[in-house]
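J.: Structure below; questions to follow.
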Amino acid sequence: MQTAPVLSMPIPGHIDPVPVPRALVPRSDGRIDLLGLSKADLRMALETSQHDPKQAKLRAKQLWHWIYNRGVTDFSLMTDISKAMQPWLEQRFTISRPQVVEAQVSTDGTRKWLLRTDDGNDYEMVFIPDADRGTLCVSSQVGCTLNCRFCHTGTMRLVRNLTPGEIVGQVMLARDALGEWPSQPEGRMLTNIVMMGMGEPLYNFDNVRDGLKIVMDGDGIGLSRRRITLSTSGVVPLMARAGEEISVNLAVSLHAVTNEIRDEIVPINRKYKLEQVLQACADYPGANNARRITFEYVMLKDKNDSDADARELVRLLKKYDLPAKVNLIPFNPWPGAPYECSTPERIKAFSNIVFDSGISAPVRTPRGRDIDAACGQLKTASEKRTRAELDRLAEEKQAALG
Ligand code: SAH
Ligand code: SF4
């Protein structure tokens, strides 16, 4: 299958995204995938397929319910749609799921899925069960254009934005795997979503926003925005828009308290400085003491983990008067990583200094390390294929399809 050219464009270098129009592009089998279409686009897809506007509105409502509330992918199971209409829909439309290449389970119960897009790009999603909640870690891109020095994803060569359908598709697939249809507000295993998988979500702003809007829609999956957290490395110009247009919880990958160190380990800092990031946090719409901003801080031995660093972190958070909580992340190693994790004693001492100032600073327990599912360990084989190889694979697939 092929994806629309605008959606599969590689993203060159450190640029801010330019909004692109999204057309209703049929797949190579001629059918339009309904997964990931907004309510308005779903209605438009029906109208352009010769439904009259009134009928299209009703049909779109029915389909939305079946797709996002019931998790149904087969038109013949949609009992309130007439038997005559079902094959008609089947011919024109499809309701996809990401292709699962591999599913792994960690000894601690964390689950990781390796997924593949229609055009052969691999990405990952991770489910982290806890006693009272379950968190799905969702990817926003295949790879990442930013090269944070401690992050495995940042070493991937190939990058492509995931579409809204591929973003919401991860949630659908997790619900399928957990047997959580129909959507119900109580007793779910999947209770929270973090945009902390592969990629920088704010460099794929429109698709992340549109995908999350579907996830939050009360007629479908209905996950509250308070249960969704978007993590950014600090794409300052888009942080306010994220607050206004998506209004989920914000997490910021701070990781350092000086521009010198942050320039080195989070290279986007060379463009948007620490002070600008903190100011954007202070201006983030909707942040208050009940909805704090999470500051992620990866603990790197002898790099950013001294008592002085902890005190400076507190000073900065207070200076900008931020409703903050700090999340200390023990560095998760990967082959060839240029850093080591701070010792447990150092992490504890750092945490204590921040806690003593009145700011919560729990240490994140690494989850799923044995299956490389922990923070910063996600990386797929997609980097091993060049564009030419991918084109060849697509041609072969096309030929095989006849
Ligand atoms: N791109 C976004 C979200 C994905 S990364 C961002 O950078 O915020 C999710 C979190 O894991 C980020 O805070 C990231 O900095 C952190 N992380 C990346 N590599 C890591 C590693 N090797 N060990 C621990 N945390 C890591
Ligand atoms: Fe990209 Fe986030 Fe990894 Fe940095 S930490 S390379 S922004 S995924």
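To be explicit about the labels: the chains of the structure tokens are called A, B, and onward in the order shown, and within each one the residues are counted from 1, while ligands get numbers from 1 in the order they are shown.
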Let me see if you get this right: every residue at most 8 Å from ligand 2, counting only C-alpha atoms and all ligand atoms, written as a count of residues only.

T.: 24

J.: Mind the document's chain letters and residue numbers, and return as an MDAnalysis selection string the residues of stretch 46-272 of chain A that DSSP labels strand (DSSP E or B).

T.: chainID A and resid 93:94 99:105 111:116 122:129 134:137 141:142 160:161 192:195 228:232 249:253

J.: So, with only C-alpha atoms as the atoms that count, which of A:Thr110, A:Thr229, A:Gln55, A:Ser49 lies closest to A:Gly134?

T.: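 Between A:Thr110, A:Thr229, A:Gln55, A:Ser49, the residue approaching A:Gly134 most closely is A:Thr110.
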
J.: Would you mind telling me which residue in A:Ile329, A:Ala240, A:Ile193, A:Val72 lies nearest to ligand 1 when using only C-alpha atoms and all ligand atoms?

T.: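 Smallest separation from ligand 1 among the options: A:Ile329.
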
J.: If you count only C-alpha atoms, which residues fall within 12 Å of stretch 319-324 of chain A, apart from same-chain ones fewer than 3 positions away, as number ranges by chain?

T.: A: 249-252, 254, 274-296, 312-316, 327, 354-355, 357-361

J.: Stretch 169-261 of chain A near stretch 21-35 of chain A within 12 Å: what's each residue's closest atom pair and its distance in Å to one decimal, counting only C-alpha atoms, ordered by chain then ascending residue number, as a Markdown table?

T.:
```
| residue | atom | partner | partner_atom | distance |
| --- | --- | --- | --- | --- |
| A:Gly169 | CA | A:Leu35 | CA | 7.3 |
| A:Gln170 | CA | A:Leu35 | CA | 11.0 |
| A:Val171 | CA | A:Leu35 | CA | 11.4 |
| A:Met172 | CA | A:Leu35 | CA | 9.5 |
| A:Leu173 | CA | A:Leu35 | CA | 11.7 |
| A:Asp206 | CA | A:Arg22 | CA | 9.9 |
| A:Asn207 | CA | A:Arg22 | CA | 9.7 |
| A:Asp210 | CA | A:Arg22 | CA | 11.2 |
| A:Gly211 | CA | A:Leu35 | CA | 9.7 |
| A:Ile214 | CA | A:Leu35 | CA | 9.7 |
| A:Val215 | CA | A:Leu35 | CA | 11.4 |
```

J.: Can those selected residues be exported to a file as a PDB file, in the first residue's frame so that it contains N, CA, C and O atoms?

T.:
```
ATOM      1  N   GLY A 169      -4.357   4.789  15.912  1.00  0.00           N
ATOM      2  CA  GLY A 169      -4.290   3.344  15.673  1.00  0.00           C
ATOM      3  C   GLY A 169      -3.566   2.612  16.790  1.00  0.00           C
ATOM      4  O   GLY A 169      -3.883   1.463  17.114  1.00  0.00           O
ATOM      5  N   GLN A 170      -2.582   3.281  17.394  1.00  0.00           N
ATOM      6  CA  GLN A 170      -1.856   2.649  18.499  1.00  0.00           C
ATOM      7  C   GLN A 170      -2.798   2.424  19.686  1.00  0.00           C
ATOM      8  O   GLN A 170      -2.781   1.372  20.325  1.00  0.00           O
ATOM      9  N   VAL A 171      -3.648   3.417  19.940  1.00  0.00           N
ATOM     10  CA  VAL A 171      -4.598   3.283  21.055  1.00  0.00           C
ATOM     11  C   VAL A 171      -5.611   2.184  20.743  1.00  0.00           C
ATOM     12  O   VAL A 171      -5.951   1.359  21.605  1.00  0.00           O
ATOM     13  N   MET A 172      -6.072   2.136  19.486  1.00  0.00           N
ATOM     14  CA  MET A 172      -7.054   1.121  19.097  1.00  0.00           C
ATOM     15  C   MET A 172      -6.471  -0.284  19.274  1.00  0.00           C
ATOM     16  O   MET A 172      -7.117  -1.195  19.790  1.00  0.00           O
ATOM     17  N   LEU A 173      -5.224  -0.408  18.828  1.00  0.00           N
ATOM     18  CA  LEU A 173      -4.563  -1.710  18.902  1.00  0.00           C
ATOM     19  C   LEU A 173      -4.370  -2.153  20.354  1.00  0.00           C
ATOM     20  O   LEU A 173      -4.576  -3.326  20.696  1.00  0.00           O
ATOM     21  N   ASP A 206       0.198  18.970  13.830  1.00  0.00           N
ATOM     22  CA  ASP A 206      -1.172  18.812  13.339  1.00  0.00           C
ATOM     23  C   ASP A 206      -1.669  17.379  13.500  1.00  0.00           C
ATOM     24  O   ASP A 206      -2.798  17.140  13.920  1.00  0.00           O
ATOM     25  N   ASN A 207      -0.802  16.427  13.143  1.00  0.00           N
ATOM     26  CA  ASN A 207      -1.233  15.030  13.216  1.00  0.00           C
ATOM     27  C   ASN A 207      -1.425  14.570  14.662  1.00  0.00           C
ATOM     28  O   ASN A 207      -2.355  13.818  14.967  1.00  0.00           O
ATOM     29  N   ASP A 210      -4.681  16.196  15.857  1.00  0.00           N
ATOM     30  CA  ASP A 210      -5.872  15.571  15.284  1.00  0.00           C
ATOM     31  C   ASP A 210      -6.068  14.144  15.823  1.00  0.00           C
ATOM     32  O   ASP A 210      -7.198  13.732  16.079  1.00  0.00           O
ATOM     33  N   GLY A 211      -4.967  13.423  16.000  1.00  0.00           N
ATOM     34  CA  GLY A 211      -5.066  12.065  16.557  1.00  0.00           C
ATOM     35  C   GLY A 211      -5.579  12.118  17.993  1.00  0.00           C
ATOM     36  O   GLY A 211      -6.473  11.357  18.378  1.00  0.00           O
ATOM     37  N   ILE A 214      -9.289  12.804  18.472  1.00  0.00           N
ATOM     38  CA  ILE A 214     -10.118  11.601  18.312  1.00  0.00           C
ATOM     39  C   ILE A 214     -10.090  10.777  19.599  1.00  0.00           C
ATOM     40  O   ILE A 214     -11.122  10.297  20.073  1.00  0.00           O
ATOM     41  N   VAL A 215      -8.892  10.639  20.180  1.00  0.00           N
ATOM     42  CA  VAL A 215      -8.773   9.852  21.414  1.00  0.00           C
ATOM     43  C   VAL A 215      -9.627  10.460  22.531  1.00  0.00           C
ATOM     44  O   VAL A 215     -10.212   9.761  23.353  1.00  0.00           O
TER      45      VAL A 215
END
```

J.: Where does DSSP see alpha helix (DSSP H) in stretch 277-387 of chain A, if you list the residues as a PyMOL selection string?

T.: chain A and resi 277-282+307-319+344-356+387

J.: Could you write out the selected residues, including N, CA, C and O atoms, as a tab-separated table (two decimals), in the first residue's frame?

T.:
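As a result, result39.tsv now contains:
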```
chain	number	residue	atom	x	y	z
A	277	VAL	N	12.55	28.12	27.13
A	277	VAL	CA	11.73	26.94	27.44
A	277	VAL	C	10.98	27.18	28.76
A	277	VAL	O	9.77	26.94	28.85
A	278	LEU	N	11.70	27.69	29.77
A	278	LEU	CA	11.07	27.90	31.07
A	278	LEU	C	9.99	28.98	30.98
A	278	LEU	O	8.92	28.87	31.60
A	279	GLN	N	10.24	30.02	30.18
A	279	GLN	CA	9.23	31.07	30.02
A	279	GLN	C	7.98	30.50	29.32
A	279	GLN	O	6.86	30.79	29.70
A	280	ALA	N	8.22	29.64	28.30
A	280	ALA	CA	7.08	29.03	27.60
A	280	ALA	C	6.28	28.15	28.57
A	280	ALA	O	5.05	28.05	28.47
A	281	CYS	N	6.98	27.53	29.52
A	281	CYS	CA	6.27	26.73	30.54
A	281	CYS	C	5.44	27.64	31.44
A	281	CYS	O	4.28	27.34	31.76
A	282	ALA	N	6.04	28.77	31.83
A	282	ALA	CA	5.31	29.72	32.70
A	282	ALA	C	4.06	30.22	31.98
A	282	ALA	O	3.04	30.49	32.61
A	307	ASP	N	24.86	17.94	43.44
A	307	ASP	CA	24.01	18.68	44.37
A	307	ASP	C	23.77	20.10	43.86
A	307	ASP	O	22.67	20.64	43.97
A	308	ALA	N	24.82	20.69	43.30
A	308	ALA	CA	24.70	22.07	42.79
A	308	ALA	C	23.68	22.11	41.65
A	308	ALA	O	22.89	23.06	41.55
A	309	ASP	N	23.68	21.08	40.81
A	309	ASP	CA	22.68	21.02	39.72
A	309	ASP	C	21.26	20.97	40.30
A	309	ASP	O	20.35	21.64	39.82
A	310	ALA	N	21.10	20.16	41.34
A	310	ALA	CA	19.77	20.02	41.96
A	310	ALA	C	19.32	21.37	42.53
A	310	ALA	O	18.17	21.78	42.35
A	311	ARG	N	20.25	22.07	43.19
A	311	ARG	CA	19.89	23.37	43.77
A	311	ARG	C	19.56	24.39	42.69
A	311	ARG	O	18.63	25.19	42.81
A	312	GLU	N	20.29	24.33	41.60
A	312	GLU	CA	20.04	25.26	40.50
A	312	GLU	C	18.68	24.96	39.85
A	312	GLU	O	17.94	25.87	39.45
A	313	LEU	N	18.36	23.68	39.78
A	313	LEU	CA	17.05	23.30	39.23
A	313	LEU	C	15.93	23.92	40.08
A	313	LEU	O	14.99	24.53	39.54
A	314	VAL	N	16.06	23.79	41.37
A	314	VAL	CA	15.05	24.37	42.27
A	314	VAL	C	14.98	25.88	42.07
A	314	VAL	O	13.90	26.46	41.95
A	315	ARG	N	16.15	26.52	42.00
A	315	ARG	CA	16.18	27.98	41.85
A	315	ARG	C	15.43	28.39	40.57
A	315	ARG	O	14.60	29.30	40.58
A	316	LEU	N	15.71	27.69	39.48
A	316	LEU	CA	15.08	28.04	38.20
A	316	LEU	C	13.57	27.85	38.25
A	316	LEU	O	12.80	28.71	37.80
A	317	LEU	N	13.13	26.73	38.80
A	317	LEU	CA	11.69	26.45	38.84
A	317	LEU	C	10.98	27.50	39.69
A	317	LEU	O	9.86	27.92	39.38
A	318	LYS	N	11.65	27.95	40.76
A	318	LYS	CA	11.04	28.98	41.62
A	318	LYS	C	11.10	30.35	40.95
A	318	LYS	O	10.15	31.13	41.03
A	319	LYS	N	12.22	30.61	40.28
A	319	LYS	CA	12.37	31.92	39.62
A	319	LYS	C	11.23	32.15	38.62
A	319	LYS	O	10.67	33.23	38.51
A	344	PRO	N	22.60	5.01	42.30
A	344	PRO	CA	21.33	5.16	43.04
A	344	PRO	C	21.46	6.17	44.19
A	344	PRO	O	20.53	6.94	44.44
A	345	GLU	N	22.63	6.21	44.85
A	345	GLU	CA	22.83	7.15	45.97
A	345	GLU	C	22.78	8.59	45.47
A	345	GLU	O	22.20	9.47	46.08
A	346	ARG	N	23.41	8.82	44.30
A	346	ARG	CA	23.44	10.17	43.73
A	346	ARG	C	22.02	10.61	43.36
A	346	ARG	O	21.62	11.73	43.62
A	347	ILE	N	21.28	9.67	42.77
A	347	ILE	CA	19.91	10.00	42.36
A	347	ILE	C	19.08	10.35	43.59
A	347	ILE	O	18.33	11.31	43.61
A	348	LYS	N	19.27	9.56	44.65
A	348	LYS	CA	18.53	9.79	45.89
A	348	LYS	C	18.87	11.17	46.47
A	348	LYS	O	17.99	11.93	46.88
A	349	ALA	N	20.18	11.49	46.49
A	349	ALA	CA	20.61	12.78	47.05
A	349	ALA	C	20.01	13.94	46.24
A	349	ALA	O	19.53	14.93	46.79
A	350	PHE	N	20.01	13.79	44.92
A	350	PHE	CA	19.45	14.81	44.01
A	350	PHE	C	17.97	14.99	44.31
A	350	PHE	O	17.47	16.10	44.49
A	351	SER	N	17.29	13.86	44.39
A	351	SER	CA	15.85	13.86	44.64
A	351	SER	C	15.53	14.54	45.98
A	351	SER	O	14.61	15.35	46.08
A	352	ASN	N	16.34	14.23	47.01
A	352	ASN	CA	16.09	14.81	48.34
A	352	ASN	C	16.19	16.33	48.32
A	352	ASN	O	15.37	17.00	48.94
A	353	ILE	N	17.17	16.85	47.62
A	353	ILE	CA	17.35	18.31	47.57
A	353	ILE	C	16.11	18.95	46.96
A	353	ILE	O	15.59	19.95	47.46
A	354	VAL	N	15.61	18.36	45.88
A	354	VAL	CA	14.44	18.95	45.21
A	354	VAL	C	13.20	18.81	46.12
A	354	VAL	O	12.45	19.77	46.31
A	355	PHE	N	13.03	17.61	46.70
A	355	PHE	CA	11.89	17.39	47.62
A	355	PHE	C	11.92	18.38	48.78
A	355	PHE	O	10.89	18.95	49.15
A	356	ASP	N	13.13	18.61	49.34
A	356	ASP	CA	13.26	19.49	50.51
A	356	ASP	C	12.85	20.92	50.19
A	356	ASP	O	12.50	21.68	51.09
A	387	ARG	N	15.96	5.23	1.49
A	387	ARG	CA	14.75	5.56	0.73
A	387	ARG	C	14.64	4.64	-0.50
A	387	ARG	O	13.59	4.11	-0.81
```
